[in-house]
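J.: Pasting input09.tsv below, which is TSV, C-alpha atoms.
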chain	number	residue	atom	x	y	z
A	1	MET	CA	-110.43	231.40	-13.40
A	2	LEU	CA	-113.26	230.37	-11.07
A	3	LYS	CA	-113.06	226.74	-12.23
A	4	ARG	CA	-109.34	226.65	-11.53
A	5	SER	CA	-109.83	228.08	-8.00
A	6	VAL	CA	-112.50	225.53	-7.14
A	7	LEU	CA	-110.35	222.70	-8.47
A	8	VAL	CA	-107.34	223.91	-6.50
A	9	ALA	CA	-109.49	224.07	-3.33
A	10	VAL	CA	-111.02	220.59	-3.81
A	11	LEU	CA	-107.85	218.66	-4.69
A	12	PRO	CA	-106.16	219.11	-1.27
A	13	ALA	CA	-109.34	217.93	0.44
A	14	LEU	CA	-109.32	214.73	-1.62
A	15	ALA	CA	-105.71	214.07	-0.63
A	16	VAL	CA	-106.58	213.83	3.08
A	17	PRO	CA	-106.37	210.17	4.11
A	18	ALA	CA	-109.59	208.52	5.22
A	19	PRO	CA	-109.85	207.75	8.93
A	20	ASP	CA	-108.83	204.26	9.93
A	21	VAL	CA	-112.08	202.37	10.45
A	22	THR	CA	-111.39	198.99	11.96
A	23	TRP	CA	-114.12	196.68	13.14
A	24	SER	CA	-113.52	194.64	16.21
A	25	VAL	CA	-115.64	192.02	17.86
A	26	ARG	CA	-115.97	192.70	21.54
A	27	LYS	CA	-115.67	189.57	23.60
A	28	ILE	CA	-118.81	189.14	25.65
A	29	ALA	CA	-118.61	187.75	29.16
A	30	GLY	CA	-119.62	184.11	29.45
A	31	LEU	CA	-122.88	182.98	31.02
A	32	SER	CA	-121.37	180.69	33.66
A	33	GLY	CA	-122.36	181.61	37.18
A	34	ASN	CA	-125.32	182.26	39.45
A	35	TRP	CA	-128.30	184.23	38.19
A	36	ASP	CA	-131.49	185.66	39.66
A	37	THR	CA	-134.44	185.07	37.33
A	38	ARG	CA	-137.43	187.39	37.69
A	39	TRP	CA	-140.69	186.50	35.93
A	40	PHE	CA	-142.67	189.69	35.24
A	41	SER	CA	-146.10	187.98	35.29
A	42	ASN	CA	-145.98	187.33	39.03
A	43	ASP	CA	-142.80	189.19	40.07
A	44	SER	CA	-141.29	185.96	41.42
A	45	HIS	CA	-137.52	185.45	41.71
A	46	HIS	CA	-135.73	182.12	41.27
A	47	GLU	CA	-132.14	180.96	41.43
A	48	LEU	CA	-130.51	179.71	38.26
A	49	THR	CA	-126.97	178.35	37.89
A	50	LEU	CA	-125.38	178.11	34.45
A	51	SER	CA	-122.23	176.49	33.12
A	52	GLN	CA	-121.25	177.54	29.59
A	53	ASN	CA	-119.23	175.43	27.15
A	54	GLY	CA	-118.74	177.34	23.90
A	55	LYS	CA	-122.12	178.23	22.42
A	56	THR	CA	-124.10	175.90	24.69
A	57	PHE	CA	-124.82	175.87	28.39
A	58	SER	CA	-126.52	173.78	31.04
A	59	GLY	CA	-127.46	174.26	34.64
A	60	ASN	CA	-130.12	174.09	37.33
A	61	TYR	CA	-133.20	176.15	38.17
A	62	THR	CA	-134.94	176.12	41.55
A	63	SER	CA	-138.74	176.10	41.15
A	64	ASP	CA	-141.41	177.50	43.51
A	65	ASP	CA	-141.77	174.13	45.24
A	66	GLY	CA	-137.99	173.70	45.62
A	67	GLU	CA	-137.55	171.22	42.78
A	68	ILE	CA	-134.12	171.45	41.12
A	69	CYS	CA	-134.86	171.45	37.38
A	70	PRO	CA	-132.31	170.95	34.60
A	71	VAL	CA	-131.65	173.83	32.23
A	72	SER	CA	-130.16	173.74	28.73
A	73	GLY	CA	-129.69	176.23	25.96
A	74	ASP	CA	-127.43	178.12	23.64
A	75	VAL	CA	-126.20	181.61	22.89
A	76	ASN	CA	-125.19	183.16	19.57
A	77	PRO	CA	-121.76	184.79	20.14
A	78	TYR	CA	-122.32	187.35	17.38
A	79	ASN	CA	-125.60	188.93	18.46
A	80	GLN	CA	-125.90	187.48	21.99
A	81	HIS	CA	-129.31	185.92	21.25
A	82	PHE	CA	-130.05	183.57	24.12
A	83	ALA	CA	-132.38	180.53	24.19
A	84	LEU	CA	-132.97	178.49	27.33
A	85	THR	CA	-135.30	175.64	28.30
A	86	ILE	CA	-136.17	174.78	31.90
A	87	THR	CA	-137.57	171.26	32.30
A	88	CYS	CA	-139.20	170.33	35.59
A	89	SER	CA	-141.04	167.09	36.35
A	90	LYS	CA	-144.52	168.58	35.74
A	91	TRP	CA	-143.84	171.53	33.38
A	92	ASN	CA	-141.34	173.32	31.18
A	93	ILE	CA	-140.58	176.87	30.13
A	94	LYS	CA	-138.90	177.97	26.89
A	95	THR	CA	-137.24	181.36	26.87
A	96	GLU	CA	-135.43	183.57	24.41
A	97	GLY	CA	-133.76	186.90	24.86
A	98	PHE	CA	-130.58	188.88	24.57
A	99	ASN	CA	-127.51	189.12	26.78
A	100	THR	CA	-126.22	192.63	27.49
A	101	LEU	CA	-122.71	193.58	26.34
A	102	ASP	CA	-121.33	193.48	29.87
A	103	GLY	CA	-122.74	189.95	30.29
A	104	ASN	CA	-124.57	190.75	33.53
A	105	MET	CA	-128.19	190.81	32.35
A	106	ILE	CA	-130.46	188.84	30.02
A	107	VAL	CA	-133.84	190.24	29.01
A	108	GLY	CA	-136.45	188.33	27.05
A	109	ARG	CA	-139.75	186.52	26.83
A	110	TYR	CA	-141.00	183.06	27.69
A	111	LEU	CA	-143.60	180.45	26.83
A	112	ALA	CA	-144.68	178.35	29.81
A	113	TYR	CA	-146.33	174.93	29.88
A	114	GLY	CA	-146.50	174.83	26.08
A	115	ASN	CA	-149.57	177.09	26.28
A	116	PRO	CA	-149.64	180.22	24.05
A	117	LYS	CA	-151.71	181.94	26.74
A	118	ASP	CA	-148.86	181.53	29.26
A	119	ILE	CA	-146.37	183.98	27.81
A	120	GLY	CA	-144.56	186.85	29.43
A	121	GLY	CA	-141.31	188.64	30.02
A	122	PHE	CA	-138.34	187.94	32.24
A	123	ILE	CA	-135.05	189.41	33.28
A	124	MET	CA	-132.01	187.52	34.56
A	125	THR	CA	-129.32	189.33	36.51
A	126	ARG	CA	-125.93	187.89	37.32
A	127	GLN	CA	-125.32	187.51	41.05
A	128	SER	CA	-121.98	188.85	42.23
A	129	LYS	CA	-119.44	186.42	43.57
A	130	GLN	CA	-119.12	186.55	47.34
Take the structure in the file and give it back as structure tokens.
T.:
Amino acid sequence: MLKRSVLVAVLPALAVPAPDVTWSVRKIAGLSGNWDTRWFSNDSHHELTLSQNGKTFSGNYTSDDGEICPVSGDVNPYNQHFALTITCSKWNIKTEGFNTLDGNMIVGRYLAYGNPKDIGGFIMTRQSKQ
């Protein structure tokens, strides 16, 4: 009798439909626009302008001495991994990081001047349109 009661109690539970689990890919905001780049090593801030075309982007970075340096890079649309290279006349910086889901911040690390001793962190924040 006990076996029959347990079976009667379990069968209705098995008949309950499973919840609808649907996966969706959230569209992440593009990188095009004006950004403030902050280098943690010296707490300096620099302007950066990006223009995105699919997975790649280009733009300009303003250095300490006012030089306008070209920028290029790419972003993985699935995990928002970000890689960017800034190339000025006397130096370059390679960065990598991740874009936040709202598309307004990038956090990562950099290698400057090709020297493993010149590494550090950075944060880029999107500047609001005015």
J.: Would you compute the distance between atom CA of A:Phe122 and atom CA of A:Asn53? Give it in Å to one decimal.
T.: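 We find that atom CA of A:Phe122 and atom CA of A:Asn53 lie 23.4 Å from each other.
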J.: Write out as a PyMOL selection string which residues come within 8 Å of A:Cys88 when counting only C-alpha atoms, dropping same-chain ones fewer than 4 positions away.
T.: chain A and resi 67-70+92
J.: List every residue of stretch 50-102 of chain A that has an atom at most 10 Å from any atom of stretch 30-39 of chain A, giving for each one its closest atom pair and the distance in Å to one decimal, counting only C-alpha atoms, sorted by chain and then by ascending residue number, as CSV.
T.:
residue,atom,partner,partner_atom,distance
A:Leu50,CA,A:Ser32,CA,4.8
A:Ser51,CA,A:Ser32,CA,4.3
A:Gln52,CA,A:Ser32,CA,5.1
A:Asn53,CA,A:Ser32,CA,8.6
A:Gly54,CA,A:Gly30,CA,8.8
A:Lys55,CA,A:Gly30,CA,9.5
A:Thr56,CA,A:Leu31,CA,9.6
A:Phe57,CA,A:Leu31,CA,7.8
A:Ser58,CA,A:Ser32,CA,9.0
A:Gly59,CA,A:Ser32,CA,8.9
A:Asn60,CA,A:Asn34,CA,9.7
A:Tyr61,CA,A:Thr37,CA,9.0
A:Thr62,CA,A:Thr37,CA,9.9
A:Asp74,CA,A:Leu31,CA,9.9
A:Val75,CA,A:Leu31,CA,8.9
A:Pro77,CA,A:Gly30,CA,9.6
A:Phe82,CA,A:Leu31,CA,10.0
A:Asn99,CA,A:Leu31,CA,8.8
A:Asp102,CA,A:Gly30,CA,9.5
J.: Skipping near chain neighbours, those fewer than 4 positions away, what residues fall within 8 Å of A:Phe40 using all atoms listed in the file, listed as a list in words?
T.: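 That gives Ser44, Gly120, Gly121, Phe122 and Ile123 of chain A.
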